[in-house]
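Quick look at data08.csv (CSV, C-alpha atoms and all ligand atoms):
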chain,number,residue,atom,x,y,z
J,252,MET,CA,129.9,55.2,65.5
J,253,TYR,CA,126.4,56.1,64.5
J,254,ARG,CA,124.6,59.2,65.9
J,255,ILE,CA,121.0,60.2,65.6
J,256,THR,CA,119.2,63.3,66.9
J,257,LYS,CA,115.6,64.3,67.3
J,258,GLU,CA,114.2,67.8,67.9
J,259,PHE,CA,111.4,68.8,70.2
J,260,HIS,CA,109.8,72.2,70.8
J,261,PHE,CA,108.0,73.8,73.7
J,262,SER,CA,107.1,77.3,75.0
J,263,ALA,CA,107.5,78.3,78.6
J,264,SER,CA,108.3,81.1,81.0
J,265,HIS,CA,111.1,81.4,83.5
J,266,GLN,CA,112.9,84.0,85.7
J,267,LEU,CA,116.5,83.8,86.6
J,268,CYS,CA,116.3,85.2,90.1
J,269,LYS,CA,120.0,84.8,91.0
J,270,LEU,CA,120.9,87.4,88.4
J,271,PRO,CA,121.4,91.0,89.3
J,272,ASP,CA,118.2,93.1,89.2
J,273,ASP,CA,119.4,95.0,86.1
J,274,HIS,CA,119.9,91.8,84.1
J,275,PRO,CA,117.0,91.4,81.7
J,276,CYS,CA,116.7,87.7,82.4
J,277,ALA,CA,116.0,88.5,86.1
J,278,ARG,CA,112.6,89.6,84.9
J,279,LEU,CA,109.8,87.1,84.1
J,280,HIS,CA,110.0,86.2,80.4
J,281,GLY,CA,109.5,83.3,78.1
J,282,HIS,CA,111.1,81.4,75.2
J,283,ASN,CA,110.2,79.1,72.4
J,284,TYR,CA,112.5,76.3,73.5
J,285,ILE,CA,114.1,73.8,71.2
J,286,VAL,CA,115.4,70.5,72.7
J,287,VAL,CA,117.6,68.1,70.7
J,288,VAL,CA,118.4,64.7,72.1
J,289,GLU,CA,121.4,62.8,70.6
J,290,LEU,CA,121.8,59.0,70.8
J,291,ALA,CA,124.9,57.1,69.6
J,292,SER,CA,125.8,53.4,69.0
J,293,GLN,CA,128.6,51.5,67.4
J,294,ASP,CA,126.1,49.3,65.6
J,295,VAL,CA,122.6,49.5,64.2
J,296,ASP,CA,119.9,47.0,64.8
J,297,GLY,CA,118.2,44.7,62.3
J,298,ASN,CA,116.2,47.7,60.9
J,299,GLY,CA,119.3,49.8,60.4
J,300,PHE,CA,118.5,52.0,63.4
J,301,VAL,CA,120.4,53.2,66.4
J,302,ARG,CA,116.9,53.5,67.8
J,303,ASP,CA,113.6,54.1,65.9
J,304,TYR,CA,112.9,57.8,66.1
J,305,ARG,CA,109.4,56.9,66.9
J,306,GLU,CA,110.5,55.3,70.2
J,307,LEU,CA,111.4,58.8,71.4
J,308,ALA,CA,107.8,59.8,71.5
J,309,PRO,CA,107.7,59.5,75.3
J,310,LEU,CA,110.1,62.5,75.4
J,311,LYS,CA,107.6,64.5,73.4
J,312,ASN,CA,104.9,63.5,75.8
J,313,TYR,CA,107.0,64.4,78.8
J,314,ILE,CA,108.0,67.8,77.4
J,315,ASP,CA,104.4,68.6,76.4
J,316,ASP,CA,102.9,67.5,79.7
J,317,THR,CA,105.6,68.8,82.0
J,318,PHE,CA,107.1,71.9,80.4
J,319,ASP,CA,104.9,73.3,77.6
J,320,HIS,CA,103.1,76.5,78.5
J,321,ARG,CA,104.3,76.3,82.1
J,322,HIS,CA,106.5,78.4,84.4
J,323,LEU,CA,109.8,76.5,84.6
J,324,ASN,CA,110.7,77.8,88.1
J,325,GLU,CA,107.6,76.1,89.4
J,326,VAL,CA,108.1,72.9,87.3
J,327,LEU,CA,111.7,72.4,88.6
J,328,GLY,CA,111.2,74.0,92.0
J,329,HIS,CA,114.0,76.5,91.9
J,330,ASP,CA,114.9,79.9,90.5
J,331,SER,CA,117.8,79.1,88.2
J,332,VAL,CA,116.3,77.2,85.3
J,333,THR,CA,119.0,77.9,82.7
J,334,ALA,CA,119.3,76.2,79.4
J,335,GLU,CA,122.2,74.3,80.9
J,336,CYS,CA,120.0,73.1,83.8
J,337,LEU,CA,117.3,72.0,81.4
J,338,ALA,CA,119.8,70.1,79.2
J,339,HIS,CA,121.1,68.3,82.3
J,340,HIS,CA,117.6,67.5,83.5
J,341,LEU,CA,116.4,66.2,80.2
J,342,PHE,CA,119.7,64.2,79.7
J,343,GLY,CA,119.0,62.3,82.9
J,344,TRP,CA,115.4,61.6,81.9
J,345,CYS,CA,116.5,60.3,78.5
J,346,ARG,CA,119.5,58.3,79.7
J,347,GLU,CA,117.3,56.4,82.2
J,348,ARG,CA,115.1,55.2,79.3
J,349,TRP,CA,117.6,55.1,76.4
J,350,PRO,CA,121.1,54.1,77.4
J,351,GLU,CA,122.5,55.3,74.0
J,352,THR,CA,121.7,58.9,75.0
J,353,THR,CA,124.9,60.9,74.6
J,354,ALA,CA,123.8,64.5,74.8
J,355,VAL,CA,120.9,66.9,75.1
J,356,ARG,CA,121.0,70.4,73.7
J,357,VAL,CA,118.6,73.2,74.6
J,358,SER,CA,118.1,76.5,72.7
J,359,GLU,CA,116.3,79.5,74.2
J,360,THR,CA,116.8,81.9,71.4
J,361,PRO,CA,117.8,81.6,67.7
J,362,LYS,CA,121.4,82.4,68.6
J,363,THR,CA,122.0,80.3,71.7
J,364,TRP,CA,122.5,76.6,72.6
J,365,ALA,CA,123.5,74.9,75.8
J,366,GLU,CA,124.5,71.2,75.8
J,367,TYR,CA,124.9,68.6,78.5
J,368,ARG,CA,127.3,65.8,77.4
J,369,PRO,CA,128.9,63.8,80.2
R,1,LIG,N1,124.9,80.5,79.7
R,1,LIG,C1,123.6,81.0,79.8
R,1,LIG,N2,123.4,82.3,79.7
R,1,LIG,C2,122.2,82.8,79.7
R,1,LIG,C3,121.1,82.0,79.8
R,1,LIG,C4,121.3,80.6,80.0
R,1,LIG,O1,120.4,79.8,80.1
R,1,LIG,N3,122.6,80.1,79.9
R,1,LIG,N4,119.8,82.5,79.7
R,1,LIG,C5,119.6,83.7,79.5
R,1,LIG,C6,118.2,84.2,79.3
R,1,LIG,O2,117.3,83.4,79.9
R,1,LIG,C7,117.8,84.3,77.8
R,1,LIG,O3,118.2,83.1,77.2
R,1,LIG,C8,118.4,85.5,77.1
R,1,LIG,O4,119.6,85.2,76.4
R,1,LIG,P1,120.2,86.3,75.5
R,1,LIG,O5,121.3,85.7,74.6
R,1,LIG,O6,120.6,87.4,76.4
R,1,LIG,O7,119.0,86.7,74.6
R,1,LIG,P2,118.7,88.0,73.8
R,1,LIG,O8,117.8,87.7,72.7
R,1,LIG,O9,118.3,89.1,74.7
R,1,LIG,O10,120.2,88.3,73.2
R,1,LIG,P3,120.7,89.5,72.2
R,1,LIG,O11,122.2,89.4,72.3
R,1,LIG,O12,120.1,90.7,72.7
R,1,LIG,O13,120.2,89.1,70.8
R,1,LIG,C9,120.7,84.7,79.5
R,1,LIG,N5,122.0,84.1,79.6
R,2,ZN,ZN,115.4,83.3,79.4
As structure tokens - that is how I would like this structure written.
Amino acid sequence: MYRITKEFHFSASHQLCKLPDDHPCARLHGHNYIVVVELASQDVDGNGFVRDYRELAPLKNYIDDTFDHRHLNEVLGHDSVTAECLAHHLFGWCRERWPETTAVRVSETPKTWAEYRP
């Protein structure tokens, strides 16, 4: 099995309104998010690729246009935009376009990662 990953970055605000008032993440705050998409395949194509990294450019465009420097509660229309939620959302977006998508990971801070892998 071959696996490839590509990393994307964006900055955004969010507020986890379901958390208790004394939880710091219940306050409006922001992160420099990192997104990693993973694709896997038993075989490579004639170029030796699972998929050309350059074909993942639409994900960069989607992230830049939809999430970068925006308020994620407004973008996704709810008050619980966790890293898990973002990983799940972006997994669905990628899987629709690239069937070899196996996982999406999202980092909010240098110490944390959430992954969606069905
Ligand atoms: N499972 C999850 N837990 C938390 C999420 C999340 O998306 N999934 N999100 C948050 C906050 O939005 C934010 O990410 C804060 O995380 P935290 O680790 O608390 O960040 P700190 O830098 O404050 O951590 P320190 O331990 O103080 O370094 C919270 N939890
Ligand atoms: Zn946060």
What residues of the protein or nucleic acid chains come within 7 Å of ligand ZN 2 (chain R) when you use only C-alpha atoms and all ligand atoms? Reply as a PDB file with C-alpha atoms, in the coordinates of the input.
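Contents of out-v3.pdb, freshly written:
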ATOM      1  CA  HIS J 265     111.100  81.400  83.500  1.00  0.00           C
ATOM      2  CA  GLN J 266     112.900  84.000  85.700  1.00  0.00           C
ATOM      3  CA  CYS J 276     116.700  87.700  82.400  1.00  0.00           C
ATOM      4  CA  HIS J 280     110.000  86.200  80.400  1.00  0.00           C
ATOM      5  CA  GLY J 281     109.500  83.300  78.100  1.00  0.00           C
ATOM      6  CA  HIS J 282     111.100  81.400  75.200  1.00  0.00           C
ATOM      7  CA  GLU J 359     116.300  79.500  74.200  1.00  0.00           C
TER       8      GLU J 359
END
Smallest atom-to-atom distance to Trp349 of chain J: which of J:Asp272, J:Asp303, J:Glu258, J:Asp294, using only C-alpha atoms?
->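 Smallest separation from Trp349 of chain J among the options: J:Asp303.
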List as a tab-separated table every residue of chain J that is in contact with ligand LIG 1 (chain R), defined as an atom at most 12 Å from one of its atoms (using all atoms listed in the file), together with the nearest atom pair and the distance in Å rounded to one decimal, sorted by chain and then rising number.
residue	atom	partner	partner_atom	distance
J:Ala263	CA	R:LIG1	O2	11.1
J:Ser264	CA	R:LIG1	O2	9.4
J:His265	CA	R:LIG1	O2	7.4
J:Gln266	CA	R:LIG1	O2	7.3
J:Leu267	CA	R:LIG1	O2	6.8
J:Cys268	CA	R:LIG1	O2	10.4
J:Lys269	CA	R:LIG1	O2	11.5
J:Leu270	CA	R:LIG1	C9	9.3
J:Pro271	CA	R:LIG1	C9	11.7
J:His274	CA	R:LIG1	C9	8.5
J:Pro275	CA	R:LIG1	O9	7.5
J:Cys276	CA	R:LIG1	C6	4.9
J:Ala277	CA	R:LIG1	O2	8.1
J:Arg278	CA	R:LIG1	O2	9.2
J:Leu279	CA	R:LIG1	O2	9.4
J:His280	CA	R:LIG1	O2	7.8
J:Gly281	CA	R:LIG1	O2	8.0
J:His282	CA	R:LIG1	O3	7.6
J:Asn283	CA	R:LIG1	O3	10.2
J:Tyr284	CA	R:LIG1	O3	9.6
J:Ile285	CA	R:LIG1	O3	11.8
J:Leu323	CA	R:LIG1	O2	11.2
J:Asn324	CA	R:LIG1	O2	11.9
J:Asp330	CA	R:LIG1	O2	11.4
J:Ser331	CA	R:LIG1	O1	8.5
J:Val332	CA	R:LIG1	O1	7.1
J:Thr333	CA	R:LIG1	O1	3.5
J:Ala334	CA	R:LIG1	O1	3.8
J:Glu335	CA	R:LIG1	O1	5.8
J:Cys336	CA	R:LIG1	O1	7.7
J:Leu337	CA	R:LIG1	O1	8.5
J:Ala338	CA	R:LIG1	O1	9.8
J:His339	CA	R:LIG1	O1	11.7
J:Arg356	CA	R:LIG1	O1	11.4
J:Val357	CA	R:LIG1	O1	8.8
J:Ser358	CA	R:LIG1	O3	8.0
J:Glu359	CA	R:LIG1	O3	5.1
J:Thr360	CA	R:LIG1	O8	6.0
J:Pro361	CA	R:LIG1	O8	7.9
J:Lys362	CA	R:LIG1	O5	6.8
J:Thr363	CA	R:LIG1	O5	6.2
J:Trp364	CA	R:LIG1	N3	8.1
J:Ala365	CA	R:LIG1	N3	6.7
J:Glu366	CA	R:LIG1	N3	10.0
J:Tyr367	CA	R:LIG1	N3	11.8
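The closest residue to Ile314 of chain J, picked from J:Leu290, J:Asp273, J:Pro350, J:Trp344 and counting all atoms listed in the file, is J:Trp344.
Residue nearest Ser292 of chain J, chosen from J:Arg305, J:Lys311, J:His322, J:Arg254 and counting all atoms listed in the file: J:Arg254.
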Rank J:Arg368, J:His260, J:Arg348, J:His340 by their smallest atom-to-atom distance to His320 of chain J, using only C-alpha atoms, and report the top residue only.
->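 Ranking J:Arg368, J:His260, J:Arg348, J:His340 by distance to His320 of chain J, first place goes to J:His260.
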Could you state the separation of atom CA of Val301 of chain J and atom CA of Tyr313 of chain J in Å, given to one decimal place?
->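 For atom CA of Val301 of chain J relative to atom CA of Tyr313 of chain J, the distance reads 21.4 Å.
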With only C-alpha atoms as the atoms that count, which of J:Leu307, J:Cys345, J:Ile255, J:Ala354 lies nearest to Val295 of chain J?
->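 Smallest separation from Val295 of chain J among the options: J:Ile255.
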Gap from atom CA of Val286 of chain J to atom CA of Thr353 of chain J - Å, one decimal =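 Calculated distance between atom CA of Val286 of chain J and atom CA of Thr353 of chain J is 13.6 Å.
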